[in-house]
Structures are given as structure tokens and as C-alpha cells.
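Have a look at model-v4.cif below; it lists mmCIF, C-alpha atoms and all ligand atoms.
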data_run
#
loop_
_atom_site.label_atom_id
_atom_site.label_comp_id
_atom_site.auth_asym_id
_atom_site.auth_seq_id
_atom_site.Cartn_x
_atom_site.Cartn_y
_atom_site.Cartn_z
CA MET A 582 0.00 0.00 0.00
CA THR A 583 2.77 2.43 0.94
CA GLN A 584 4.22 2.09 -2.54
CA LEU A 585 0.88 2.78 -4.19
CA TRP A 586 0.38 6.05 -2.26
CA LEU A 587 3.86 7.23 -3.17
CA TRP A 588 3.08 6.68 -6.84
CA ILE A 589 -0.26 8.44 -6.46
CA GLY A 590 1.55 11.38 -4.82
CA PHE A 591 3.96 11.42 -7.77
CA ILE A 592 1.13 11.44 -10.33
CA GLY A 593 -0.77 14.17 -8.43
CA MET A 594 2.32 16.39 -8.44
CA CYS A 595 2.93 15.68 -12.14
CA ILE A 596 -0.62 16.74 -13.00
CA GLY A 597 -0.15 19.91 -10.93
CA SER A 598 3.14 20.65 -12.71
CA VAL A 599 1.54 20.35 -16.14
CA ILE A 600 -1.30 22.69 -15.14
CA PHE A 601 1.01 25.30 -13.61
CA ALA A 602 3.47 25.08 -16.53
CA ALA A 603 0.60 25.77 -18.93
CA LYS A 604 -0.61 28.67 -16.76
CA SER A 605 2.91 30.12 -16.63
CA ALA A 606 3.31 29.87 -20.39
CA ALA A 607 -0.10 31.48 -20.97
CA SER A 608 0.70 34.39 -18.67
CA ARG A 609 4.31 35.01 -19.69
CA ARG A 610 5.40 38.63 -19.66
CA LYS A 611 2.32 39.51 -17.65
CA GLU A 612 2.48 40.78 -14.11
CA GLY A 613 1.54 38.06 -11.69
CA MET A 614 2.97 35.23 -13.79
CA GLU A 615 5.44 34.51 -10.99
CA PHE A 616 2.63 32.99 -8.95
CA HIS A 617 2.05 30.28 -11.58
CA LEU A 618 5.78 29.77 -12.03
CA VAL A 619 6.47 29.35 -8.31
CA SER A 620 3.57 26.86 -8.05
CA PHE A 621 5.10 24.98 -10.98
CA PHE A 622 8.49 24.67 -9.29
CA ILE A 623 6.84 23.61 -6.03
CA THR A 624 4.96 20.70 -7.65
CA LEU A 625 7.89 19.80 -9.91
CA LEU A 626 10.22 19.42 -6.93
CA ALA A 627 7.61 17.43 -5.00
CA ALA A 628 7.07 15.14 -8.02
CA THR A 629 10.83 14.50 -8.13
CA LEU A 630 11.03 13.65 -4.44
CA TYR A 631 7.93 11.43 -4.60
CA LEU A 632 9.53 9.57 -7.50
CA SER A 633 12.74 9.10 -5.54
CA MET A 634 10.82 7.80 -2.50
CA ALA A 635 8.81 5.42 -4.68
CA LEU A 636 12.03 4.12 -6.21
CA GLY A 637 13.51 3.64 -2.74
CA GLU A 638 16.33 6.17 -3.09
CA THR A 639 15.39 8.71 -0.43
CA ARG A 640 14.30 6.37 2.32
CA THR A 641 16.45 4.47 4.80
CA MET A 642 15.87 1.89 7.52
CA ILE A 643 16.87 3.42 10.84
CA ASN A 644 16.24 1.64 14.17
CA GLY A 645 13.98 -0.81 12.35
CA GLU A 646 11.83 1.98 10.95
CA ASP A 647 11.58 3.15 7.34
CA VAL A 648 12.47 6.86 7.40
CA PHE A 649 11.23 8.70 4.30
CA TRP A 650 13.74 11.53 4.42
CA GLY A 651 12.93 12.59 0.85
CA ARG A 652 9.90 14.36 2.35
CA TYR A 653 12.09 16.74 4.30
CA ILE A 654 14.15 17.65 1.23
CA ASP A 655 10.88 18.48 -0.53
CA TRP A 656 9.41 20.43 2.40
CA LEU A 657 12.68 22.25 3.09
CA VAL A 658 12.38 24.03 -0.25
CA THR A 659 8.66 24.00 -1.02
CA THR A 660 7.20 25.17 2.31
CA PRO A 661 9.19 28.45 2.30
CA LEU A 662 8.04 28.94 -1.32
CA LEU A 663 4.39 28.47 -0.28
CA LEU A 664 4.89 31.10 2.41
CA LEU A 665 6.55 33.34 -0.17
CA GLU A 666 3.44 33.12 -2.35
CA LEU A 667 1.14 33.90 0.56
CA GLY A 668 3.41 36.74 1.72
CA GLN A 669 3.38 38.19 -1.77
CA VAL A 670 -0.43 38.20 -1.78
CA ALA A 671 -0.46 39.80 1.68
CA GLY A 672 2.07 42.42 0.57
CA LEU A 673 4.14 41.54 3.61
CA ARG A 674 7.34 43.53 3.98
CA PRO A 675 10.28 41.51 2.65
CA LYS A 676 12.40 41.47 5.82
CA LEU A 677 9.57 39.98 7.83
CA LEU A 678 8.74 37.47 5.11
CA ALA A 679 12.39 36.36 5.07
CA GLY A 680 12.22 35.84 8.84
CA VAL A 681 9.10 33.68 8.59
CA MET A 682 10.67 31.64 5.78
CA GLY A 683 13.73 31.16 8.00
CA ALA A 684 11.56 29.92 10.87
CA ASP A 685 9.95 27.49 8.44
CA ILE A 686 13.32 26.07 7.35
CA PHE A 687 14.20 25.67 11.02
CA MET A 688 10.88 23.85 11.62
CA ILE A 689 11.55 21.34 8.83
CA LEU A 690 15.19 20.74 9.80
CA THR A 691 14.37 20.10 13.46
CA GLY A 692 11.43 17.90 12.39
CA MET A 693 13.85 15.86 10.26
CA ILE A 694 16.22 15.42 13.20
CA ALA A 695 13.23 14.23 15.28
CA ASP A 696 12.51 11.61 12.61
CA PHE A 697 16.10 10.30 12.62
CA GLU A 698 16.17 10.19 16.44
CA ALA A 699 14.61 7.54 18.68
CA PRO A 700 12.20 8.47 21.50
CA PRO A 701 12.43 10.12 24.00
CA VAL A 702 14.97 12.51 22.43
CA ALA A 703 12.87 12.51 19.25
CA TYR A 704 10.10 14.22 21.21
CA LEU A 705 12.43 16.98 22.30
CA TRP A 706 13.13 17.81 18.64
CA TYR A 707 9.45 17.47 17.82
CA ILE A 708 8.58 20.05 20.47
CA ILE A 709 11.31 22.42 19.22
CA SER A 710 9.91 22.09 15.70
CA CYS A 711 6.37 22.75 16.98
CA GLY A 712 7.64 25.94 18.63
CA ALA A 713 8.70 27.28 15.23
CA PHE A 714 5.40 26.12 13.73
CA ILE A 715 3.40 28.03 16.34
CA ALA A 716 5.46 31.15 15.62
CA ILE A 717 4.65 30.79 11.90
CA LEU A 718 0.92 30.31 12.55
CA TRP A 719 0.99 33.31 14.84
CA SER A 720 2.62 35.50 12.19
CA LEU A 721 -0.01 34.40 9.65
CA LEU A 722 -2.80 35.50 11.98
CA THR A 723 -1.16 38.78 12.96
CA GLU A 724 1.37 40.35 10.58
CA PHE A 725 0.28 38.68 7.33
CA THR A 726 -3.38 39.40 8.05
CA ALA A 727 -2.76 43.01 9.09
CA SER A 728 -0.71 43.61 5.97
CA ALA A 729 -3.32 42.01 3.66
CA ARG A 730 -6.06 44.11 5.24
CA ARG A 731 -4.35 47.17 3.82
CA ARG A 732 -4.62 45.90 0.28
CA ASN A 733 -7.81 46.10 -1.79
CA GLY A 734 -10.87 43.95 -1.02
CA HIS A 735 -10.28 41.44 -3.84
CA ILE A 736 -6.70 40.76 -2.78
CA ASN A 737 -7.70 40.61 0.86
CA ARG A 738 -10.41 38.04 0.17
CA LEU A 739 -7.99 35.92 -1.84
CA PHE A 740 -5.48 36.18 1.01
CA ILE A 741 -8.00 35.08 3.66
CA LYS A 742 -9.05 32.09 1.55
CA LEU A 743 -5.43 31.01 0.93
CA ARG A 744 -4.42 31.60 4.55
CA ASN A 745 -7.25 29.44 5.85
CA ILE A 746 -6.50 26.62 3.40
CA LEU A 747 -2.82 26.77 4.26
CA MET A 748 -3.34 26.77 8.03
CA GLY A 749 -6.00 24.05 7.92
CA LEU A 750 -3.77 21.72 5.91
CA TRP A 751 -0.44 22.47 7.57
CA ILE A 752 -1.81 21.69 11.03
CA GLY A 753 -2.43 18.15 9.76
CA TYR A 754 1.33 17.46 9.41
CA PRO A 755 2.44 17.45 13.06
CA ILE A 756 -0.72 15.45 13.87
CA VAL A 757 0.06 12.74 11.29
CA TRP A 758 3.68 12.76 12.43
CA ILE A 759 2.91 12.15 16.10
CA LEU A 760 0.27 9.49 15.32
CA GLY A 761 2.49 7.75 12.79
CA ALA A 762 5.54 5.50 12.95
CA GLU A 763 7.78 8.40 14.08
CA GLY A 764 5.59 9.05 17.13
CA ILE A 765 3.15 6.89 19.08
CA ASN A 766 2.65 4.53 16.13
CA VAL A 767 -1.14 4.19 16.03
CA LEU A 768 -1.27 4.70 12.24
CA ASN A 769 0.30 2.03 10.11
CA ILE A 770 2.82 3.18 7.54
CA GLY A 771 0.37 2.70 4.64
CA VAL A 772 -2.24 5.01 6.19
CA GLU A 773 0.43 7.51 7.14
CA THR A 774 1.77 7.62 3.59
CA LEU A 775 -1.77 8.04 2.27
CA LEU A 776 -2.46 10.95 4.66
CA TYR A 777 0.79 12.71 3.76
CA ALA A 778 0.02 12.25 0.05
CA VAL A 779 -3.43 13.80 0.49
CA LEU A 780 -2.03 16.69 2.55
CA ASP A 781 0.86 17.27 0.14
CA VAL A 782 -1.25 17.27 -3.01
CA SER A 783 -3.85 19.56 -1.37
CA ALA A 784 -1.26 21.94 0.10
CA LYS A 785 0.61 22.25 -3.20
CA VAL A 786 -1.76 21.54 -6.10
CA GLY A 787 -5.01 22.59 -4.34
CA PHE A 788 -3.48 25.74 -2.88
CA GLY A 789 -1.79 26.56 -6.20
CA LEU A 790 -5.05 26.08 -8.10
CA VAL A 791 -6.94 28.49 -5.85
CA LEU A 792 -4.17 31.02 -6.38
CA SER A 793 -3.86 30.35 -10.13
CA THR A 794 -7.56 30.59 -10.84
CA ALA A 795 -7.86 34.01 -9.17
CA ALA A 796 -8.62 36.73 -11.71
CA ASP A 797 -5.60 37.95 -13.69
CA SER A 798 -6.33 41.48 -12.54
CA VAL A 799 -6.15 40.43 -8.88
CA LEU A 800 -2.89 38.54 -9.41
CA SER A 801 -1.28 41.43 -11.22
CA GLN A 802 -2.33 43.84 -8.47
CA ALA A 803 -1.07 41.39 -5.85
CA SER A 804 2.24 41.16 -7.65
CA ARG A 805 2.59 44.94 -7.81
CA GLY A 806 2.88 47.36 -4.98
CA VAL A 807 4.34 45.17 -2.27
CA GLU A 808 6.65 48.05 -1.44
CA GLU A 809 3.84 50.60 -1.16
CA THR A 810 1.76 48.32 1.04
CA ALA A 811 4.74 47.69 3.25
CA HIS A 812 5.37 51.41 3.58
CA SER A 813 1.80 52.36 4.39
CA TYR A 814 1.68 49.52 6.87
CA MET A 815 4.86 50.59 8.60
CA ALA A 816 3.77 54.22 8.65
CA SER A 817 0.42 53.38 10.15
CA GLU A 818 2.16 51.53 12.94
CA GLY A 819 3.91 54.78 13.69
CA ASN A 820 7.41 53.40 13.38
CA TYR A 821 8.25 54.09 9.78
CA ASP A 822 10.91 56.66 9.81
CA ARG A 823 11.52 58.56 6.61
C1 LIG B 901 6.79 18.04 11.30
C2 LIG B 901 7.20 17.23 12.55
C3 LIG B 901 7.73 18.05 13.62
C4 LIG B 901 6.74 19.09 14.08
C5 LIG B 901 6.11 19.83 12.95
C6 LIG B 901 6.11 19.35 11.64
C7 LIG B 901 5.46 20.21 10.63
C8 LIG B 901 5.48 20.06 9.32
C9 LIG B 901 4.77 20.86 8.37
C10 LIG B 901 4.91 20.49 7.07
C11 LIG B 901 4.28 21.08 5.97
C12 LIG B 901 4.44 20.54 4.77
C13 LIG B 901 3.82 20.97 3.56
C14 LIG B 901 4.09 20.29 2.45
C15 LIG B 901 3.53 20.61 1.20
O1 LIG B 901 3.37 19.82 0.37
C16 LIG B 901 8.06 18.30 10.48
C17 LIG B 901 5.86 17.10 10.53
C18 LIG B 901 5.43 21.13 13.31
C19 LIG B 901 3.93 21.99 8.79
C20 LIG B 901 2.89 22.11 3.55
#
In C-alpha cells, what does this structure look like?
Amino acid sequence: MTQLWLWIGFIGMCIGSVIFAAKSAASRRKEGMEFHLVSFFITLLAATLYLSMALGETRTMINGEDVFWGRYIDWLVTTPLLLLELGQVAGLRPKLLAGVMGADIFMILTGMIADFEAPPVAYLWYIISCGAFIAILWSLLTEFTASARRRNGHINRLFIKLRNILMGLWIGYPIVWILGAEGINVLNIGVETLLYAVLDVSAKVGFGLVLSTAADSVLSQASRGVEETAHSYMASEGNYDR
């Protein structure tokens, strides 16, 4: 079963890549095309890592447990890119966005160490990773949301929809992790692989489709004016010093 879900994950990501490649080609030289292109690279990388896991190259038996470390290579690159897309829609100021992307990289790296470790030390790393995750969720609800509120109504609505999808799906990961073979082991590896495949395809292809099917005018506005939004946001907080 595990094998089957890895192949299904691979096919899902391939389908996403074809769709986003076509969208990118159709919108080339238009403002906002970067959204389609980033979604394309996200699904392309995930397809590659799913293929390598299915072929047995990025998984290793450690302490009698099959560790699928290919996932972390995928997430290490693609989760910051997903936050980049959301931050771009929110018009978040670049320095803050870079900080959140850094926290995300830290979350994935510490999560990977937790997977390679045996309990109880594994739980220490799990908790450290969750700390970074909570900080990310917090920033989505505060800074991202405040910044998006200063953009026009269409962009703000798109942001809220994407933010809710992203948060709803991402919260599933630490839950699957702790219930699965890495944690308390109540899910068998087949079910765990299925759940990750569903989460991954939804968080990358589903999220990307919602973004890609937004009106061209909204995407081009979202792509423009990040600087202006950042400035008005900083000024309104009373700490923008010109
Ligand atoms: C881990 C385990 C350690 C604790 C936490 C985790 C969170 C992982 C997340 C992954 C998101 C992946 C996505 C992939 C897209 O396809 C590493 C499972 C908090 C949030 C969105």
C-alpha cells in the first residue's frame, strides 16, 4: 500500500506541474505570472522527491523503521516557497517574510532530526519544531493578516481564503507525524503515507489552483505594490521613519 500512495503522490504532483506550466506559459510577460511559475516549481520538486521515495532512493531503515527523508528535502524548499506566495499576496514587507521563511526552514530541519532520532529525544526535537510552527501560525494570523487588510478587497479576500486553506492543511502534518511510525505509532505506515500524500497534493496543487484561478487582474495587483503596502503599513504603525 505504501508504494501505491507514493506513486499516487507522484502522479498528483505531475498533474499539478503540467497545469502550472501551462498557466505560466499562458501568462508570460504579464504581471503576476510569478505565482504560476512558483507553483510549478513547487509541484515539480515534489514530483521529483515522490519519484525518488517510490524508487527507494530517499528512504532508509533506521532503528527498524523506514524513514522517508525525501519528504524533508521536498518540504525544506517547497514550504518556504508556499509562504513566499502567501506573503506576496499579503504584501508583507520583505524582511519579515524572510524571517518567517527562516523559521519554516528551522521547523523542517528540526522535524527531520526528530525523525532520525529515537524516543524520548525525538520528542524533544518534535517540540522544538512545533515551537517554530506556532510562531509561523501566529505570524499568519497577525502580521500577514494586518498587511493584507491594507490591500484592496479582492486581494484581501484571496489572502483570507489562501491563509485558511494553508493553516487548515499544515496543522495536519504534526498530527500525522505524532500518530504515525515516528511518534506513538497508532497509524500504520500505509495510512500515514496516504495521509501525507493527500495533505501534500492539497497543500501544493489545491493551494496553487486556488491562487492560479484568481482573476488575472487580482494577481497582477497582488504582484505589484508590495513596497507601497509595506510602507503604508509601517507608517500606520507609527514606526516608519523617513
Ligand atoms: C513536522 C514534525 C515536527 C513538528 C512539525 C512538523 C510540521 C510540518 C509541516 C509540514 C508542511 C508541509 C507541507 C508540504 C507541502 O506539500 C516536520 C511534521 C510542526 C507543517 C505544507
Exercise for the section: Output the neighbourhood of ligand LIG 901 (chain B) as a PyMOL selection string, that is, all protein and nucleic acid residues with some atom at most 6 Å from the ligand, counting all atoms listed in the file. Expected result: chain A and resi 656+660+689+692+707+710-711+714+751+754-755+758+781+784-785
5 Å per side around stretch 742-747 of chain A: axis-aligned box centre and edge lengths, as JSON:
{"center_x": -5.9, "center_y": 29.4, "center_z": 3.4, "size_x": 16.2, "size_y": 15.5, "size_z": 14.9}
Report as a short mmCIF file (atom, residue, chain, number, x, y, z; two decimals) with C-alpha atoms, in the frame of the given file all protein, DNA and RNA residues lying within 8 Å of stretch 720-724 of chain A, evaluated on all atoms listed in the file, omitting residues in the same chain fewer than 4 positions from it.
data_model
loop_
_atom_site.label_atom_id
_atom_site.label_comp_id
_atom_site.auth_asym_id
_atom_site.auth_seq_id
_atom_site.Cartn_x
_atom_site.Cartn_y
_atom_site.Cartn_z
CA LEU A 673 4.14 41.54 3.61
CA VAL A 681 9.10 33.68 8.59
CA ALA A 716 5.46 31.15 15.62
CA SER A 728 -0.71 43.61 5.97
CA ARG A 744 -4.42 31.60 4.55
#
Exercise for the section: Please indicate the distance in Å from atom CA of A:Gly753 to atom CA of A:Val599, rounded to one decimal place. Expected result: 26.3 Å
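Between A:Ser793 and the residues A:Asp685, A:Glu666, A:Glu638, A:Glu646, the shortest atom-to-atom distance, using only C-alpha atoms, involves A:Glu666.
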Practice task
Extract, using all atoms listed in the file, all DNA, RNA and protein residues at most 10 Å from A:Ala795, discarding same-chain residues fewer than 3 positions from it, and format them as a PyMOL selection string.
Solution key: chain A and resi 735-736+739+790-792+798-800
Keeping only C-alpha atoms, take the residues you just selected and write them out as a short mmCIF file (atom, residue, chain, number, x, y, z; two decimals), in the frame of the given file.
data_model
loop_
_atom_site.label_atom_id
_atom_site.label_comp_id
_atom_site.auth_asym_id
_atom_site.auth_seq_id
_atom_site.Cartn_x
_atom_site.Cartn_y
_atom_site.Cartn_z
CA HIS A 735 -10.28 41.44 -3.84
CA ILE A 736 -6.70 40.76 -2.78
CA LEU A 739 -7.99 35.92 -1.84
CA LEU A 790 -5.05 26.08 -8.10
CA VAL A 791 -6.94 28.49 -5.85
CA LEU A 792 -4.17 31.02 -6.38
CA SER A 798 -6.33 41.48 -12.54
CA VAL A 799 -6.15 40.43 -8.88
CA LEU A 800 -2.89 38.54 -9.41
#
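Of note, atom CA of A:Ser605 and atom CA of A:Thr629 are spaced 19.5 Å apart.
Counting only C-alpha atoms and comparing A:Ala778, A:Ile715, A:Met614, A:Val786, the residue that lies closest to A:Leu585 is A:Ala778.
For the pair atom CA of A:Ile592 and atom CA of A:Gly637, the separation is 16.5 Å.
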Exercise for the section: Name the residues in contact with A:Leu626 at a cut-off of 9 Å, using all atoms listed in the file, excluding same-chain residues fewer than 6 positions from it; report them as JSON, numbers by chain. Expected result: {"A": [594, 655, 658, 659]}
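Among the candidates A:Ala713, A:Gly668, A:Ala796, A:Val767, the residue lying nearest to A:Phe740 is A:Gly668 (atoms considered: only C-alpha atoms).
Take the candidates A:Ile654, A:Val670, A:Leu587, A:Leu618 and check each one against A:Ala635 using only C-alpha atoms; the shortest distance goes to A:Leu587.
Proximity of A:Ala727, A:Ala606, A:Ala699, A:Leu664 to A:Gly683, computed with all atoms listed in the file, is greatest for A:Leu664.
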Problem - Pick from A:Ser598, A:Gln802, A:Gln584, A:Ser633 nearest to A:His617, counting all atoms listed in the file - result: A:Ser598
